[in-house]
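Notes follow the structure.
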Amino acid sequence: MTAAGTPIAVITGASSGIGAATARQLAAAGYHVVVTARRKDRIEALAAEITSAGHLASAYALDVTDRAAVDAFAAELDGFPSVDVLVNNAGGALGADPVATGDPADWRQMYETNVIGTLNLTQALLPALTASGDGTVVVLSSTAGHSTYEGGGGYVAAKHGAHVLAETLRLEIVGTPVRVIEIAPGMVRTEEFATTRFRGDTEKAAKVYAGVAEPLTADDVADTITWAVTRPSHVNIDLLVVRPRAQASNTKVHREL
């Protein structure tokens, strides 16, 4: 059960990487975290871990691209005292083919997850976030949402969509008690991102980070999210771009090879 006055934070894509790290850090900061992802076993294990550490956590299996499921999830949250924070983290990349030969199915899936998934959760939970009197929507975009790179067309297009969603929402709801924060990470090394992008090809995945002494970690990004969310209510971190020191842009990375 959630104690009165305990803020509630919903984190999507929390089965691994940035989402899981964000759940741990927000829980440690005093939030009751509601962790969601498609992999039920992963989020249930995460919620158990957080609870055993003395914090509050609940797990809900959810596909953010399934609007009926999202609406049912939002209805279940009516049983909570409030919904205070939504971290739209679910997303990801597929492939690194040029525009000329990219698979439209990959582009569609990336758009569905990164943009429509964010839209679904934001629309479904915005009334509760507003009713809380002090709500926060976080959109995890990427530096790919702000500049292009060869072989990244589909992912870049999707993350540009996520960026524009956040920017437009902020304009449309100004004057309401809801902040819209966009966090745009650069190179982050997690256990699954590049491997998923290259469909399990660990050799290709490793090359993404080859020679980069210290890419960002999931904890680095989670720390950034937690910092932004826990600023005073009147402070809105509109856009925060975070990269490792070795990365100057999407195409300029120092590698020690």
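Please note that chains go A, B, ... in the order of the structure tokens, that every chain numbers its residues from 1, and that ligands are numbered from 1 in the order shown.
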- Excluding same-chain residues fewer than 2 positions from Leu77 (chain A), what lies within 10 Å of it counting only C-alpha atoms, as a count of residues only? 15
- Spatial neighbours of region 55-58 of chain A, max dist 9 Å, only C-alpha atoms, sep filter under 5 positions, as a list in words: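 Once the nearby chain positions are removed, what remains is Met1, Thr2, Ala23, Arg24, Ala27, Ala28, Gly30, Tyr31, His32, Val33, Val34, Val35, Thr36, Ile43, Glu44, Leu46, Ala47, Ala48, Glu49 and Ile50 of chain A.
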- Item | Which residue of A:Ala162, A:Ile18, A:Gly54, A:Thr196 approaches Thr217 (chain A) most closely, using only C-alpha atoms |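 That would be A:Ile18, the residue with the smallest distance to Thr217 (chain A).
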Report as CSV the residues of region 125-180 of chain A within 7 Å of region 90-107 of chain A, each with its shortest atom pair and distance in Å (one decimal), using only C-alpha atoms, ordered by chain and increasing residue number.
```
residue,atom,partner,partner_atom,distance
A:Glu150,CA,A:Pro98,CA,6.7
A:Gly151,CA,A:Ala96,CA,4.6
A:Gly152,CA,A:Ala96,CA,5.5
A:Gly153,CA,A:Val99,CA,6.1
A:Gly154,CA,A:Trp107,CA,4.9
A:Tyr155,CA,A:Ala93,CA,5.6
```
- Message: Please extract the residues of region 109-187 of chain A with a backbone DSSP assignment of helix (DSSP H, G or I) and present them as a ChimeraX atom specification.
- Response: /A:109-131,143-145,153-172
Please extract the residues of region 114-233 of chain A with a backbone DSSP assignment of strand (DSSP E or B) and present them as a tab-separated table (two decimals) with N, CA, C and O atoms, in the first residue's frame.
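The resulting file, selection_19.tsv, is shown below:
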```tsv
chain	number	residue	atom	x	y	z
A	135	GLY	N	2.28	17.53	-11.41
A	135	GLY	CA	2.67	16.40	-12.23
A	135	GLY	C	3.90	16.66	-13.08
A	135	GLY	O	4.25	17.81	-13.35
A	136	THR	N	4.54	15.58	-13.49
A	136	THR	CA	5.71	15.68	-14.36
A	136	THR	C	5.66	14.59	-15.42
A	136	THR	O	5.47	13.41	-15.09
A	137	VAL	N	5.81	14.98	-16.67
A	137	VAL	CA	5.96	14.04	-17.78
A	137	VAL	C	7.41	14.10	-18.23
A	137	VAL	O	7.92	15.18	-18.56
A	138	VAL	N	8.08	12.96	-18.24
A	138	VAL	CA	9.45	12.87	-18.75
A	138	VAL	C	9.42	12.09	-20.05
A	138	VAL	O	8.82	11.01	-20.13
A	139	VAL	N	10.06	12.64	-21.07
A	139	VAL	CA	10.21	11.94	-22.35
A	139	VAL	C	11.69	11.66	-22.55
A	139	VAL	O	12.51	12.58	-22.58
A	140	LEU	N	12.03	10.37	-22.65
A	140	LEU	CA	13.40	9.98	-22.96
A	140	LEU	C	13.55	9.97	-24.47
A	140	LEU	O	13.06	9.06	-25.14
A	174	VAL	N	0.90	24.58	-21.02
A	174	VAL	CA	1.45	25.63	-20.16
A	174	VAL	C	0.31	26.28	-19.38
A	174	VAL	O	-0.78	26.49	-19.90
A	176	THR	N	-0.95	24.75	-16.74
A	176	THR	CA	-1.45	23.65	-15.91
A	176	THR	C	-0.32	23.22	-14.97
A	176	THR	O	0.85	23.53	-15.21
A	178	VAL	N	1.61	20.82	-14.63
A	178	VAL	CA	2.35	19.67	-15.14
A	178	VAL	C	3.58	20.17	-15.90
A	178	VAL	O	3.47	21.01	-16.79
A	179	ARG	N	4.73	19.64	-15.52
A	179	ARG	CA	5.97	19.95	-16.23
A	179	ARG	C	6.21	18.91	-17.33
A	179	ARG	O	5.80	17.76	-17.19
A	180	VAL	N	6.89	19.32	-18.39
A	180	VAL	CA	7.30	18.39	-19.45
A	180	VAL	C	8.81	18.49	-19.59
A	180	VAL	O	9.34	19.54	-19.97
A	181	ILE	N	9.48	17.40	-19.27
A	181	ILE	CA	10.94	17.33	-19.28
A	181	ILE	C	11.38	16.38	-20.38
A	181	ILE	O	10.85	15.28	-20.51
A	182	GLU	N	12.35	16.80	-21.16
A	182	GLU	CA	12.96	15.92	-22.15
A	182	GLU	C	14.41	15.68	-21.79
A	182	GLU	O	15.18	16.62	-21.62
A	183	ILE	N	14.78	14.42	-21.68
A	183	ILE	CA	16.17	14.01	-21.45
A	183	ILE	C	16.65	13.34	-22.73
A	183	ILE	O	16.04	12.37	-23.21
A	184	ALA	N	17.75	13.85	-23.28
A	184	ALA	CA	18.27	13.34	-24.55
A	184	ALA	C	19.69	12.80	-24.35
A	184	ALA	O	20.67	13.55	-24.45
A	185	PRO	N	19.83	11.50	-24.08
A	185	PRO	CA	21.17	10.92	-23.89
A	185	PRO	C	21.88	10.68	-25.21
A	185	PRO	O	21.26	10.43	-26.25
A	188	VAL	N	25.07	5.61	-24.68
A	188	VAL	CA	24.87	4.92	-23.41
A	188	VAL	C	25.10	3.43	-23.64
A	188	VAL	O	24.47	2.83	-24.51
A	216	LEU	N	28.36	6.55	-21.39
A	216	LEU	CA	27.43	6.71	-20.29
A	216	LEU	C	26.89	5.35	-19.87
A	216	LEU	O	26.84	4.42	-20.68
```
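Atom pair CA of Gly145 (chain A) / CA of Arg42 (chain A) has a distance of 28.1 Å (rounded to one decimal).
Residues in contact with Ser147 (chain A) at 12 Å, where only C-alpha atoms are counted and same-chain residues fewer than 4 positions away are skipped, are listed as Ser141, Ser142, Thr143, Gly152, Gly153, Tyr155, Val156, Ala157, Ala158, Lys159, His160, His163, Ala184, Gly186, Val241, Ser249, Asn250 and Thr251 of chain A.
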